[in-house]
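Coordinates from target-v7.txt are shown below (compact mmCIF, C-alpha atoms).
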# COMPACT_ATOMS: atom_id res chain seq x y z
CA VAL T 17 -18.71 -37.18 45.29
CA ASP T 18 -17.24 -36.19 41.94
CA ALA T 19 -18.95 -33.05 40.62
CA ALA T 20 -16.51 -32.45 37.74
CA GLY T 21 -19.20 -32.94 35.11
CA ALA T 22 -22.02 -31.09 36.86
CA ALA T 23 -23.29 -30.02 40.26
CA ARG T 24 -24.43 -33.01 42.31
CA THR T 25 -27.02 -33.54 45.04
CA PHE T 26 -26.62 -36.07 47.84
CA PRO T 27 -30.17 -36.73 49.13
CA LEU T 28 -30.49 -37.91 52.72
CA PRO T 29 -32.95 -40.64 53.66
CA ALA T 30 -35.86 -39.96 55.98
CA ALA T 31 -34.60 -39.31 59.51
CA ALA T 32 -37.32 -41.46 61.07
CA THR T 33 -35.72 -44.56 59.54
CA SER T 34 -32.11 -43.41 60.01
CA THR T 35 -31.60 -43.08 63.77
CA ARG T 36 -27.86 -43.20 64.59
CA ARG T 37 -26.98 -43.35 60.89
CA ARG T 38 -23.71 -41.59 60.12
CA ASP T 39 -22.82 -40.27 56.67
CA GLU T 40 -19.58 -38.78 55.44
CA VAL T 41 -19.71 -36.74 52.24
CA LYS T 42 -16.58 -35.45 50.49
CA LYS T 43 -16.23 -33.36 47.31
CA THR T 44 -13.36 -34.96 45.41
CA ASP T 45 -12.96 -32.78 42.32
CA SER T 46 -11.50 -29.28 41.83
CA SER T 47 -14.27 -27.91 39.60
CA ALA T 48 -16.48 -24.93 40.47
CA ASN T 49 -19.49 -27.30 40.60
CA THR T 50 -21.00 -27.86 44.02
CA VAL T 51 -22.14 -30.88 46.03
CA THR T 52 -25.39 -30.24 47.89
CA ILE T 53 -26.40 -32.42 50.85
CA ASP T 54 -30.21 -32.28 50.95
CA GLY T 55 -32.32 -33.17 53.97
CA ASN T 56 -35.42 -35.26 53.29
CA ALA T 57 -38.56 -33.09 52.90
CA SER T 58 -38.42 -30.44 55.67
CA GLU T 59 -35.80 -32.24 57.78
CA THR T 60 -32.75 -30.18 58.60
CA ILE T 61 -29.01 -30.46 58.96
CA ASP T 62 -28.12 -28.27 61.96
CA GLY T 63 -31.15 -26.12 61.17
CA ASN T 64 -30.53 -25.87 57.40
CA THR T 65 -32.44 -27.80 54.75
CA THR T 66 -29.26 -28.11 52.66
CA ILE T 67 -25.48 -27.89 53.10
CA VAL T 68 -23.28 -27.07 50.11
CA LEU T 69 -19.69 -28.24 49.60
CA THR T 70 -17.71 -26.00 47.25
CA ALA T 71 -14.01 -26.82 47.67
CA GLN T 72 -12.03 -29.88 46.60
CA TYR T 73 -11.60 -32.33 49.51
CA GLU T 74 -14.17 -30.50 51.64
CA VAL T 75 -15.86 -33.08 53.84
CA ILE T 76 -18.80 -33.15 56.21
CA VAL T 77 -19.74 -35.84 58.73
CA ILE T 78 -23.37 -35.93 59.83
CA VAL T 79 -25.38 -38.14 62.17
CA CYS T 80 -29.13 -38.60 62.51
CA ASP T 81 -31.07 -38.45 65.79
CA GLY T 82 -34.27 -39.87 64.29
CA SER T 83 -35.76 -36.43 63.61
CA ASN T 84 -33.02 -34.37 62.00
CA TRP T 85 -29.34 -34.48 61.02
CA HIS T 86 -26.45 -32.94 62.96
CA ILE T 87 -22.99 -31.96 61.75
CA ILE T 88 -20.26 -33.77 63.68
CA THR T 89 -17.30 -32.53 61.64
CA SER T 90 -16.94 -30.20 58.69
Please lay out the structure from this file as structure tokens.
Amino acid sequence: VDAAGAARTFPLPAAATSTRRRDEVKKTDSSANTVTIDGNASETIDGNTTIVLTAQYEVIVIVCDGSNWHIITS
């Protein structure tokens, strides 16, 4: 995700329709703008409703269990 022009949000789909889905999100620019990964509605990512990437080349790998999202690698 390139956030050079502005902060960006990466919305996740509903977990109920994403069982075993795996997403990899990477911030590619060096700006101070952030990339926010946002769980659908009240769904969480390892207990958090959002995860924020702040550094260039920071990456997160998440997988869905059908109810919530879990961080595999960050």
- prompt: For Tyr73 of chain T, which of T:Val17, T:Ile87, T:Asp39, T:Ala23 is the closest residue, counting all atoms listed in the file?
  reply: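 Nearest candidate to Tyr73 of chain T out of T:Val17, T:Ile87, T:Asp39, T:Ala23: T:Val17.
Taking atom CA of Gln72 of chain T as the reference point, atom CA of Leu28 of chain T is found at 21.0 Å.
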message: Give me, as a PyMOL selection string, all polymer residues having an atom no more than 8 Å from Asp62 of chain T, counting all atoms listed in the file and skipping those fewer than 3 positions away in the same chain.
response: chain T and resi 84-87
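Distance-wise, atom CA of Asn56 of chain T and atom CA of Glu40 of chain T end up 16.4 Å apart.
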Residues around (-20.5, -30.9, 37.4), cut-off 8 Å, counting all atoms listed in the file - what are they as a PDB file with C-alpha atoms, in the frame of the given file?
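And here's result-v7.pdb as it stands now:
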ATOM      1  CA  ASP T  18     -17.240 -36.190  41.940  1.00  0.00           C
ATOM      2  CA  ALA T  19     -18.950 -33.050  40.620  1.00  0.00           C
ATOM      3  CA  ALA T  20     -16.510 -32.450  37.740  1.00  0.00           C
ATOM      4  CA  GLY T  21     -19.200 -32.940  35.110  1.00  0.00           C
ATOM      5  CA  ALA T  22     -22.020 -31.090  36.860  1.00  0.00           C
ATOM      6  CA  ALA T  23     -23.290 -30.020  40.260  1.00  0.00           C
ATOM      7  CA  ARG T  24     -24.430 -33.010  42.310  1.00  0.00           C
ATOM      8  CA  SER T  47     -14.270 -27.910  39.600  1.00  0.00           C
ATOM      9  CA  ALA T  48     -16.480 -24.930  40.470  1.00  0.00           C
ATOM     10  CA  ASN T  49     -19.490 -27.300  40.600  1.00  0.00           C
ATOM     11  CA  THR T  50     -21.000 -27.860  44.020  1.00  0.00           C
TER      12      THR T  50
END
message: Between T:Val75, T:Cys80, T:Val68, T:Ala31, which residue has the minimum interatomic distance to Asp54 of chain T, considering all atoms listed in the file?
response: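 Comparing T:Val75, T:Cys80, T:Val68, T:Ala31 against Asp54 of chain T, the winner is T:Val68.
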- request: Please identify all polymer residues lying at most 9 Å from the point (-29.4, -26.0, 47.1) (file coordinates), using only C-alpha atoms, and present the result as a list in words.
  value: Thr25, Val51, Thr52, Ile53, Asp54, Thr65, Thr66, Ile67 and Val68 of chain T
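When atom CA of Ser34 of chain T is paired with atom CA of Glu74 of chain T, their separation reads 23.6 Å.
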field: T:Val79, T:Val41, T:Thr33, T:Phe26 ranked by distance to Ile61 of chain T, top pick (using all atoms listed in the file)
entry: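 Going through T:Val79, T:Val41, T:Thr33, T:Phe26 one by one, the smallest distance to Ile61 of chain T is for T:Val79.
Of the listed residues T:Ala71, T:Ala32, T:Ile78, T:Ala57, the one whose atoms come nearest to Asp45 of chain T is T:Ala71, with distances taken using only C-alpha atoms.
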Residue with smallest distance to Arg37 of chain T - pool T:Thr70, T:Ser90, T:Gly55, T:Asp81, counting only C-alpha atoms: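 The answer is T:Asp81, which sits nearest to Arg37 of chain T.
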field: Residue with smallest distance to Ala30 of chain T - pool T:Asn64, T:Lys43, T:Ser83, T:Val77, counting only C-alpha atoms
entry: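 Closest to Ala30 of chain T, using only C-alpha atoms: T:Ser83.
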